[in-house]
file structure-v1.txt (compact mmCIF, C-alpha atoms)
# COMPACT_ATOMS: atom_id res chain seq x y z
CA MET A 30 1.22 95.98 -55.03
CA SER A 31 2.48 99.09 -53.40
CA SER A 32 2.99 102.31 -55.30
CA THR A 33 5.83 104.70 -54.68
CA TRP A 34 5.15 108.42 -54.58
CA PHE A 35 7.83 110.91 -55.42
CA LYS A 36 7.81 114.39 -54.03
CA ARG A 37 10.15 117.20 -55.05
CA ILE A 38 11.82 118.50 -51.94
CA LYS A 39 13.87 121.17 -53.73
CA LYS A 40 12.49 123.91 -55.88
CA GLY A 41 13.23 123.88 -59.58
CA VAL A 42 15.39 126.34 -61.46
CA ILE A 43 14.83 129.80 -60.07
CA THR A 44 15.06 132.85 -62.32
CA GLU A 45 15.36 136.44 -61.25
CA THR A 46 11.70 137.06 -62.01
CA ASN A 47 8.68 134.99 -62.89
CA GLU A 48 7.15 137.81 -64.94
CA LYS A 49 6.85 137.30 -68.71
CA LYS A 50 9.15 139.62 -70.62
CA GLU A 51 7.55 141.42 -73.54
CA ALA A 52 9.44 142.66 -76.59
CA PRO A 53 9.78 146.46 -76.60
CA ASP A 54 7.23 148.31 -78.73
CA GLY A 55 8.48 149.33 -82.16
CA LEU A 56 11.12 146.61 -82.37
CA TRP A 57 9.39 144.10 -84.66
CA HIS A 58 7.21 144.42 -87.76
CA LYS A 59 4.85 141.77 -89.13
CA CYS A 60 3.95 142.10 -92.82
CA SER A 61 0.20 142.56 -93.30
CA GLU A 62 0.35 140.56 -96.54
CA CYS A 63 2.61 137.53 -96.01
CA ARG A 64 2.95 137.73 -92.18
CA THR A 65 6.75 137.68 -92.35
CA THR A 66 8.28 139.15 -89.18
CA ILE A 67 11.42 141.30 -89.32
CA THR A 68 12.90 144.04 -87.19
CA VAL A 69 11.77 147.60 -87.76
CA LYS A 70 15.42 148.47 -88.42
CA GLU A 71 15.57 145.94 -91.28
CA LEU A 72 12.28 147.26 -92.65
CA LYS A 73 13.55 150.84 -92.65
CA GLU A 74 16.80 149.83 -94.36
CA ASN A 75 14.69 148.16 -97.08
CA LEU A 76 12.70 151.40 -97.65
CA TYR A 77 9.73 149.97 -95.71
CA LEU A 78 9.26 147.13 -98.21
CA CYS A 79 8.67 143.56 -97.09
CA PRO A 80 11.83 141.59 -98.03
CA LYS A 81 9.75 138.49 -98.83
CA CYS A 82 6.68 139.72 -100.76
CA ASN A 83 7.74 143.33 -101.54
CA HIS A 84 4.60 144.75 -99.91
CA HIS A 85 4.85 148.55 -99.90
CA ASN A 86 4.09 149.63 -96.34
CA ARG A 87 2.55 153.05 -95.85
CA ILE A 88 5.00 155.81 -95.08
CA ASN A 89 4.67 159.58 -94.71
CA ALA A 90 6.41 162.71 -95.92
CA PRO A 91 9.59 162.46 -93.78
CA GLU A 92 10.32 158.96 -95.13
CA TYR A 93 9.51 159.84 -98.76
CA PHE A 94 11.67 162.97 -98.63
CA ASP A 95 14.59 160.91 -97.29
CA ILE A 96 14.14 158.42 -100.16
CA ILE A 97 13.80 160.77 -103.13
CA PHE A 98 15.82 163.89 -102.29
CA ASP A 99 19.60 164.11 -102.47
CA GLU A 100 21.06 164.10 -98.97
CA GLY A 101 21.03 167.49 -97.28
CA THR A 102 19.05 169.27 -100.02
CA CYS A 103 15.48 169.08 -98.66
CA GLN A 104 13.95 172.29 -97.33
CA MET A 105 10.52 172.19 -95.71
CA LEU A 106 8.00 174.84 -96.81
CA PHE A 107 4.90 176.36 -95.17
CA THR A 108 5.37 174.60 -91.84
CA ASN A 109 3.57 177.48 -90.10
CA ILE A 110 0.22 176.53 -91.69
CA ILE A 111 -1.79 174.15 -89.51
CA SER A 112 -5.45 173.12 -89.31
CA VAL A 113 -7.85 174.82 -86.89
CA ASP A 114 -11.44 174.07 -85.90
CA LYS A 115 -13.40 176.92 -87.51
CA LEU A 116 -16.77 175.18 -87.26
CA GLY A 117 -16.57 173.87 -83.69
CA PHE A 118 -17.28 170.39 -85.06
CA VAL A 119 -17.96 167.54 -82.63
CA ASP A 120 -18.68 163.88 -83.40
CA LEU A 121 -17.32 161.21 -81.04
CA LYS A 122 -14.87 163.84 -79.85
CA PRO A 123 -14.23 167.52 -80.62
CA TYR A 124 -12.40 168.15 -83.89
CA ALA A 125 -9.98 170.45 -82.04
CA LEU A 126 -8.97 167.49 -79.85
CA ARG A 127 -8.52 165.25 -82.91
CA LEU A 128 -6.17 167.82 -84.41
CA LYS A 129 -4.12 168.06 -81.22
CA GLU A 130 -3.80 164.27 -80.98
CA ALA A 131 -2.85 163.91 -84.65
CA GLN A 132 -0.08 166.51 -84.69
CA LYS A 133 3.34 164.91 -84.39
CA PRO A 134 6.89 166.07 -85.12
CA GLY A 135 7.45 165.97 -88.87
CA THR A 136 3.76 165.51 -89.68
CA ASP A 137 1.91 168.52 -88.28
CA ASP A 138 -0.87 168.20 -90.85
CA ALA A 139 -2.18 165.84 -93.54
CA LEU A 140 0.23 167.25 -96.12
CA SER A 141 3.86 168.41 -96.03
CA VAL A 142 5.66 170.37 -98.75
CA GLY A 143 9.38 170.14 -99.40
CA VAL A 144 11.76 171.37 -102.09
CA GLY A 145 15.06 169.71 -102.88
CA LYS A 146 17.26 168.09 -105.48
CA ILE A 147 16.94 164.74 -107.23
CA ASP A 148 20.26 163.87 -108.85
CA GLY A 149 20.94 167.60 -108.81
CA LYS A 150 17.60 168.54 -110.41
CA GLY A 151 15.15 170.70 -108.47
CA LEU A 152 11.67 169.44 -107.53
CA VAL A 153 8.84 170.67 -105.28
CA VAL A 154 7.00 167.79 -103.57
CA ALA A 155 3.70 167.91 -101.68
CA CYS A 156 3.33 164.62 -99.79
CA MET A 157 0.25 163.48 -97.87
CA ASN A 158 0.57 162.02 -94.37
CA PHE A 159 -1.83 159.13 -93.76
CA ASN A 160 -1.08 159.09 -90.04
CA PHE A 161 -2.79 162.51 -89.76
CA ILE A 162 -6.53 161.72 -89.66
CA GLY A 163 -6.23 159.26 -92.53
CA GLY A 164 -4.53 161.78 -94.82
CA SER A 165 -7.90 163.51 -95.14
CA MET A 166 -8.12 166.56 -97.38
CA GLY A 167 -8.85 169.67 -95.34
CA SER A 168 -8.41 173.35 -96.10
CA VAL A 169 -4.74 173.26 -95.09
CA VAL A 170 -4.04 170.49 -97.61
CA GLY A 171 -5.48 172.65 -100.39
CA GLU A 172 -3.66 175.76 -99.19
CA LYS A 173 -0.28 174.03 -98.98
CA ILE A 174 -0.70 172.53 -102.45
CA SER A 175 -1.65 175.96 -103.81
CA ARG A 176 1.36 177.64 -102.23
CA GLY A 177 3.60 174.80 -103.38
CA ILE A 178 2.45 175.37 -106.96
CA ASP A 179 3.08 179.12 -106.61
CA TYR A 180 6.58 178.34 -105.33
CA ALA A 181 7.23 175.98 -108.27
CA ILE A 182 6.07 178.62 -110.78
CA GLU A 183 8.17 181.34 -109.15
CA HIS A 184 11.31 179.19 -109.18
CA LYS A 185 10.51 177.43 -112.49
CA LEU A 186 10.55 173.95 -110.93
CA PRO A 187 8.51 170.80 -111.65
CA PHE A 188 5.84 169.94 -109.09
CA MET A 189 4.83 166.59 -107.63
CA ILE A 190 2.08 165.36 -105.29
CA ILE A 191 2.35 162.05 -103.44
CA SER A 192 -1.25 161.10 -102.65
CA LYS A 193 -2.26 158.85 -99.75
CA SER A 194 -5.71 159.69 -98.47
CA GLY A 195 -9.12 158.48 -97.39
CA GLY A 196 -10.72 161.51 -99.09
CA ALA A 197 -12.24 164.78 -97.94
CA ARG A 198 -12.22 165.66 -94.23
CA MET A 199 -15.84 165.64 -93.07
CA MET A 200 -15.04 167.76 -90.00
CA GLU A 201 -14.46 170.75 -92.27
CA SER A 202 -17.61 170.26 -94.34
CA ALA A 203 -17.77 172.43 -97.49
CA PHE A 204 -14.36 173.96 -96.73
CA SER A 205 -12.87 170.55 -97.47
CA LEU A 206 -14.82 170.00 -100.70
CA MET A 207 -13.77 173.43 -101.97
CA GLN A 208 -10.15 172.23 -102.08
CA MET A 209 -10.97 170.02 -105.07
CA ALA A 210 -11.72 173.05 -107.26
CA LYS A 211 -8.99 175.17 -105.68
CA THR A 212 -6.16 172.71 -106.34
CA SER A 213 -7.43 171.88 -109.84
CA ALA A 214 -7.46 175.58 -110.75
CA LYS A 215 -3.95 176.05 -109.40
CA LEU A 216 -2.70 173.10 -111.46
CA THR A 217 -4.05 174.87 -114.55
CA ARG A 218 -1.75 177.79 -113.70
CA LEU A 219 1.15 175.37 -113.46
CA ALA A 220 0.30 173.99 -116.91
CA LYS A 221 0.12 177.52 -118.37
CA ALA A 222 3.61 178.14 -116.98
CA LYS A 223 4.68 175.04 -118.96
CA LEU A 224 5.93 173.26 -115.85
CA PRO A 225 5.27 169.53 -115.34
CA TYR A 226 3.04 168.04 -112.68
CA ILE A 227 3.85 164.49 -111.56
CA SER A 228 1.17 162.62 -109.62
CA LEU A 229 2.26 159.60 -107.56
CA MET A 230 -0.62 157.59 -106.10
CA THR A 231 0.09 155.33 -103.15
CA ASP A 232 -2.07 153.07 -100.99
CA PRO A 233 -4.79 154.25 -100.51
CA THR A 234 -5.74 157.11 -102.84
CA THR A 235 -9.50 157.52 -102.62
CA GLY A 236 -12.43 159.93 -102.46
CA GLY A 237 -12.14 163.60 -103.33
CA VAL A 238 -8.37 163.36 -103.72
CA THR A 239 -8.77 160.87 -106.58
CA ALA A 240 -11.57 163.02 -108.00
CA SER A 241 -9.30 166.07 -108.18
CA PHE A 242 -5.55 166.55 -108.13
CA ALA A 243 -4.46 162.89 -107.93
CA MET A 244 -5.69 162.11 -111.46
CA LEU A 245 -4.66 165.39 -113.12
CA GLY A 246 -0.96 164.71 -113.56
CA ASP A 247 0.91 165.30 -116.78
CA ILE A 248 2.14 161.87 -115.87
CA ASN A 249 0.25 159.62 -113.44
CA ILE A 250 2.22 156.91 -111.65
CA ALA A 251 1.58 154.61 -108.71
CA GLU A 252 3.23 152.18 -106.32
CA PRO A 253 2.49 148.45 -106.78
CA LYS A 254 -0.89 147.16 -105.58
CA ALA A 255 -2.03 150.58 -104.34
CA LEU A 256 -5.78 150.98 -103.83
CA ILE A 257 -6.90 153.82 -106.11
CA GLY A 258 -10.52 154.84 -106.62
CA PHE A 259 -13.31 157.24 -105.73
CA ALA A 260 -15.66 155.01 -103.73
CA GLY A 261 -14.58 151.78 -102.02
CA PRO A 262 -15.04 148.37 -103.70
CA ARG A 263 -17.74 147.32 -101.22
CA ILE A 264 -19.88 150.39 -101.96
CA ILE A 265 -19.48 149.94 -105.72
CA LYS A 266 -20.41 146.27 -105.51
CA GLU A 267 -23.53 147.06 -103.47
CA THR A 268 -24.48 149.80 -105.93
CA ILE A 269 -24.12 147.88 -109.21
CA LYS A 270 -25.16 144.53 -107.68
CA LYS A 271 -22.35 142.71 -109.50
CA ASP A 272 -19.11 141.03 -108.52
CA LEU A 273 -16.04 143.13 -109.28
CA PRO A 274 -13.12 141.95 -111.44
CA ALA A 275 -10.06 140.51 -109.73
CA GLY A 276 -7.67 143.22 -108.63
CA PHE A 277 -10.30 145.92 -109.14
CA GLN A 278 -9.04 149.43 -108.19
CA ARG A 279 -5.47 148.26 -107.72
CA SER A 280 -2.55 149.89 -109.55
CA GLU A 281 -2.12 146.99 -111.96
CA PHE A 282 -5.82 147.08 -112.95
CA LEU A 283 -5.68 150.85 -113.55
CA LEU A 284 -2.50 150.55 -115.61
CA GLU A 285 -4.13 147.89 -117.79
CA HIS A 286 -7.15 150.16 -118.36
CA GLY A 287 -5.17 153.29 -119.21
CA PHE A 288 -5.48 155.33 -116.02
CA LEU A 289 -1.76 155.16 -115.20
CA ASP A 290 1.39 155.73 -117.21
CA PHE A 291 3.51 153.30 -115.22
CA ILE A 292 3.93 151.59 -111.84
CA VAL A 293 7.14 152.21 -109.95
CA ASP A 294 8.75 150.18 -107.18
CA ARG A 295 9.84 152.36 -104.26
CA LYS A 296 13.46 151.26 -104.71
CA LYS A 297 13.44 152.70 -108.23
CA LEU A 298 11.37 155.79 -107.42
CA LYS A 299 14.23 158.28 -107.29
CA GLU A 300 15.72 156.97 -110.54
CA LYS A 301 12.36 157.12 -112.34
CA LEU A 302 11.61 160.63 -111.06
CA SER A 303 15.01 161.81 -112.26
CA GLN A 304 14.27 160.40 -115.72
CA THR A 305 10.78 161.94 -115.73
CA ILE A 306 12.13 165.39 -114.87
CA ASP A 307 14.59 165.05 -117.76
CA TRP A 308 11.74 164.18 -120.16
CA PHE A 309 9.88 167.38 -119.34
CA MET A 310 12.60 169.91 -118.46
CA ASN A 311 15.41 169.08 -120.92
CA LYS A 312 13.72 169.87 -124.22

call {"tool": "encode", "arguments": {"input": "structure-v1.txt", "output": "structure tokens"}}
result
Amino acid sequence: MSSTWFKRIKKGVITETNEKKEAPDGLWHKCSECRTTITVKELKENLYLCPKCNHHNRINAPEYFDIIFDEGTCQMLFTNIISVDKLGFVDLKPYALRLKEAQKPGTDDALSVGVGKIDGKGLVVACMNFNFIGGSMGSVVGEKISRGIDYAIEHKLPFMIISKSGGARMMESAFSLMQMAKTSAKLTRLAKAKLPYISLMTDPTTGGVTASFAMLGDINIAEPKALIGFAGPRIIKETIKKDLPAGFQRSEFLLEHGFLDFIVDRKKLKEKLSQTIDWFMNK
């Protein structure tokens, strides 16, 4: 029995290039929780919330200011204050180089301060930038918060901090830890001026930030499922040698145990802040 062999004598379909085409960077976003993939444009239009599971993606000061302030009313404050390497600190790389690499337009340090209107009501907001060395608390963070409080007192405005931080910045040693006492003392001055302090905790709010200004609000609020605590869950578990409760250190757990006043979805943040300002300022 003979077999017949077939041989292609013409090449198949020819395309302009045989190279695999990759999607441009920054075009698509995959949710870290439910793995849903959408365009970055769709994510931005939805206030950086996953349309399927409502996961609150981390955003920084420019995005928060766009969300909460009335259009065209935001004025940036203290943009001339930036971190410097006073100690000549070096670990895997020089601290001075880390600072240079971290500085980007709109987020030149781990905290930005803006003043603007929310439904016509004035508010000073100090917002942490997690994309700047993990939102770590350095001397500039403390100085900007202090000056923001002074500005709020001078103009008789409520003050708000949006926390998002891994804690104190080790590259500044004791200078970083001193900001805990400095900001706490300044908040006492705000209280004596009978002006409200609103603390919004977002994912993550940890370390020295939680141990100081983040938990000192006249009203403490948080975004859904935000990690909030001093030490991480793994360290706590290893220390106490016990399993931790479900949802430990998440917003919902803290609300249940009295650490928070309420949890606010980002889509309702501006509305809730407007109501909160009315509670305190319209006596």

call {"tool": "closest_residue", "arguments": {"input": "structure-v1.txt", "among": "A:His184, A:Ala251, A:Ser202, A:Asp179", "to": "Thr217 of chain A", "atoms": "only C-alpha atoms"}}
result
A:Asp179

call {"tool": "residues_around", "arguments": {"input": "structure-v1.txt", "residues": "segment 125-135 of chain A", "least_positions_apart": "4", "cutoff": "7 Å", "atoms": "only C-alpha atoms", "output": "ChimeraX atom specification"}}
result
/A:91,113-114,161-162

call {"tool": "closest_residue", "arguments": {"input": "structure-v1.txt", "among": "A:Lys301, A:Arg218, A:Arg87, A:Lys271", "to": "Asn158 of chain A", "atoms": "all atoms listed in the file"}}
result
A:Arg87

call {"tool": "atom_distance", "arguments": {"input": "structure-v1.txt", "atom1": "atom CA of Ala275 of chain A", "atom2": "atom CA of Ser241 of chain A"}}
result
25.6 Å

call {"tool": "residues_around", "arguments": {"input": "structure-v1.txt", "residues": "Ile111 of chain A", "least_positions_apart": "3", "cutoff": "7 Å", "atoms": "all atoms listed in the file", "output": "list of chain:residue names"}}
result
A:Asp137, A:Asp138, A:Val169

call {"tool": "axis_aligned_box", "arguments": {"input": "structure-v1.txt", "around": "segment 78-92 of chain A", "padding_each_side": "5 Å", "output": "lines of an AutoDock Vina configuration file"}}
result
center_x = 7.2
center_y = 150.6
center_z = -97.7
size_x = 19.3
size_y = 34.2
size_z = 17.8

call {"tool": "closest_residue", "arguments": {"input": "structure-v1.txt", "among": "A:Pro262, A:Ala214, A:Thr305, A:Lys185", "to": "Ser228 of chain A", "atoms": "only C-alpha atoms"}}
result
A:Thr305

call {"tool": "atom_distance", "arguments": {"input": "structure-v1.txt", "atom1": "atom CA of Thr235 of chain A", "atom2": "atom CA of Leu219 of chain A"}}
result
23.4 Å

call {"tool": "residues_around", "arguments": {"input": "structure-v1.txt", "residues": "Gln104 of chain A", "least_positions_apart": "2", "cutoff": "7 Å", "atoms": "only C-alpha atoms", "output": "list in words"}}
result
Thr102, Leu106, Gly143, Val144 and Gly145 of chain A

call {"tool": "closest_residue", "arguments": {"input": "structure-v1.txt", "among": "A:Met200, A:Leu186, A:Ile147, A:Val293", "to": "Ser168 of chain A", "atoms": "all atoms listed in the file"}}
result
A:Met200

call {"tool": "residues_around", "arguments": {"input": "structure-v1.txt", "residues": "Cys82 of chain A", "least_positions_apart": "2", "cutoff": "8 Å", "atoms": "all atoms listed in the file", "output": "PyMOL selection string"}}
result
chain A and resi 62-63+79-80+84

call {"tool": "residues_around", "arguments": {"input": "structure-v1.txt", "residues": "Ser280 of chain A", "least_positions_apart": "5", "cutoff": "6 Å", "atoms": "only C-alpha atoms", "output": "list in words"}}
result
Pro253, Lys254 and Ala255 of chain A

call {"tool": "closest_residue", "arguments": {"input": "structure-v1.txt", "among": "A:Lys270, A:Lys150, A:Arg279, A:Lys173", "to": "Ile110 of chain A", "atoms": "all atoms listed in the file"}}
result
A:Lys173

call {"tool": "closest_residue", "arguments": {"input": "structure-v1.txt", "among": "A:Gly237, A:Gly261, A:Gly101, A:Gly151", "to": "Ser192 of chain A", "atoms": "all atoms listed in the file"}}
result
A:Gly237

call {"tool": "atom_distance", "arguments": {"input": "structure-v1.txt", "atom1": "atom CA of Gly171 of chain A", "atom2": "atom CA of Lys211 of chain A"}}
result
6.8 Å

call {"tool": "residues_near_point", "arguments": {"input": "structure-v1.txt", "point": "(1.9, 178.9, -108.8)", "cutoff": "12 Å", "atoms": "all atoms listed in the file", "output": "mmCIF file with C-alpha atoms, in the coordinates of the input"}}
result
data_model
loop_
_atom_site.group_PDB
_atom_site.id
_atom_site.type_symbol
_atom_site.label_atom_id
_atom_site.label_comp_id
_atom_site.auth_asym_id
_atom_site.auth_seq_id
_atom_site.Cartn_x
_atom_site.Cartn_y
_atom_site.Cartn_z
ATOM 1 C CA VAL A 153 8.840 170.670 -105.280
ATOM 2 C CA GLU A 172 -3.660 175.760 -99.190
ATOM 3 C CA LYS A 173 -0.280 174.030 -98.980
ATOM 4 C CA ILE A 174 -0.700 172.530 -102.450
ATOM 5 C CA SER A 175 -1.650 175.960 -103.810
ATOM 6 C CA ARG A 176 1.360 177.640 -102.230
ATOM 7 C CA GLY A 177 3.600 174.800 -103.380
ATOM 8 C CA ILE A 178 2.450 175.370 -106.960
ATOM 9 C CA ASP A 179 3.080 179.120 -106.610
ATOM 10 C CA TYR A 180 6.580 178.340 -105.330
ATOM 11 C CA ALA A 181 7.230 175.980 -108.270
ATOM 12 C CA ILE A 182 6.070 178.620 -110.780
ATOM 13 C CA GLU A 183 8.170 181.340 -109.150
ATOM 14 C CA HIS A 184 11.310 179.190 -109.180
ATOM 15 C CA LYS A 185 10.510 177.430 -112.490
ATOM 16 C CA LEU A 186 10.550 173.950 -110.930
ATOM 17 C CA PRO A 187 8.510 170.800 -111.650
ATOM 18 C CA PHE A 188 5.840 169.940 -109.090
ATOM 19 C CA LYS A 211 -8.990 175.170 -105.680
ATOM 20 C CA THR A 212 -6.160 172.710 -106.340
ATOM 21 C CA SER A 213 -7.430 171.880 -109.840
ATOM 22 C CA ALA A 214 -7.460 175.580 -110.750
ATOM 23 C CA LYS A 215 -3.950 176.050 -109.400
ATOM 24 C CA LEU A 216 -2.700 173.100 -111.460
ATOM 25 C CA THR A 217 -4.050 174.870 -114.550
ATOM 26 C CA ARG A 218 -1.750 177.790 -113.700
ATOM 27 C CA LEU A 219 1.150 175.370 -113.460
ATOM 28 C CA ALA A 220 0.300 173.990 -116.910
ATOM 29 C CA LYS A 221 0.120 177.520 -118.370
ATOM 30 C CA ALA A 222 3.610 178.140 -116.980
ATOM 31 C CA LYS A 223 4.680 175.040 -118.960
ATOM 32 C CA LEU A 224 5.930 173.260 -115.850
ATOM 33 C CA PRO A 225 5.270 169.530 -115.340
ATOM 34 C CA TYR A 226 3.040 168.040 -112.680
#

call {"tool": "build_atoms", "arguments": {"input": "structure-v1.txt", "residues": "segment 86-106 of chain A", "atoms": "N, CA and C atoms", "output": "CSV table (one decimal), in the coordinates of the input"}}
result
chain,number,residue,atom,x,y,z
A,86,ASN,N,4.7,149.1,-97.5
A,86,ASN,CA,4.1,149.6,-96.3
A,86,ASN,C,3.9,151.1,-96.4
A,87,ARG,N,2.8,151.6,-95.8
A,87,ARG,CA,2.6,153.0,-95.8
A,87,ARG,C,3.6,153.8,-95.1
A,88,ILE,N,4.1,154.9,-95.7
A,88,ILE,CA,5.0,155.8,-95.1
A,88,ILE,C,4.5,157.2,-95.3
A,89,ASN,N,5.1,158.2,-94.6
A,89,ASN,CA,4.7,159.6,-94.7
A,89,ASN,C,5.8,160.5,-95.3
A,90,ALA,N,5.5,161.8,-95.3
A,90,ALA,CA,6.4,162.7,-95.9
A,90,ALA,C,7.9,162.6,-95.5
A,91,PRO,N,8.2,162.5,-94.2
A,91,PRO,CA,9.6,162.5,-93.8
A,91,PRO,C,10.3,161.3,-94.4
A,92,GLU,N,9.7,160.1,-94.5
A,92,GLU,CA,10.3,159.0,-95.1
A,92,GLU,C,10.5,159.1,-96.6
A,93,TYR,N,9.4,159.6,-97.3
A,93,TYR,CA,9.5,159.8,-98.8
A,93,TYR,C,10.6,160.9,-99.1
A,94,PHE,N,10.7,161.9,-98.3
A,94,PHE,CA,11.7,163.0,-98.6
A,94,PHE,C,13.1,162.4,-98.5
A,95,ASP,N,13.3,161.5,-97.5
A,95,ASP,CA,14.6,160.9,-97.3
A,95,ASP,C,14.9,160.0,-98.5
A,96,ILE,N,13.9,159.4,-99.1
A,96,ILE,CA,14.1,158.4,-100.2
A,96,ILE,C,14.5,159.1,-101.5
A,97,ILE,N,13.7,160.2,-101.8
A,97,ILE,CA,13.8,160.8,-103.1
A,97,ILE,C,14.8,161.9,-103.2
A,98,PHE,N,15.0,162.7,-102.2
A,98,PHE,CA,15.8,163.9,-102.3
A,98,PHE,C,17.3,163.5,-102.0
A,99,ASP,N,18.2,164.2,-102.7
A,99,ASP,CA,19.6,164.1,-102.5
A,99,ASP,C,19.9,164.5,-101.0
A,100,GLU,N,20.8,163.9,-100.4
A,100,GLU,CA,21.1,164.1,-99.0
A,100,GLU,C,21.4,165.6,-98.7
A,101,GLY,N,20.7,166.1,-97.7
A,101,GLY,CA,21.0,167.5,-97.3
A,101,GLY,C,20.4,168.6,-98.1
A,102,THR,N,19.6,168.2,-99.1
A,102,THR,CA,19.0,169.3,-100.0
A,102,THR,C,17.6,169.6,-99.7
A,103,CYS,N,16.9,168.9,-98.9
A,103,CYS,CA,15.5,169.1,-98.7
A,103,CYS,C,15.2,170.3,-97.7
A,104,GLN,N,14.4,171.2,-98.1
A,104,GLN,CA,14.0,172.3,-97.3
A,104,GLN,C,12.4,172.2,-97.2
A,105,MET,N,11.9,172.2,-96.0
A,105,MET,CA,10.5,172.2,-95.7
A,105,MET,C,9.9,173.6,-95.9
A,106,LEU,N,8.7,173.6,-96.5
A,106,LEU,CA,8.0,174.8,-96.8
A,106,LEU,C,6.7,174.9,-96.1
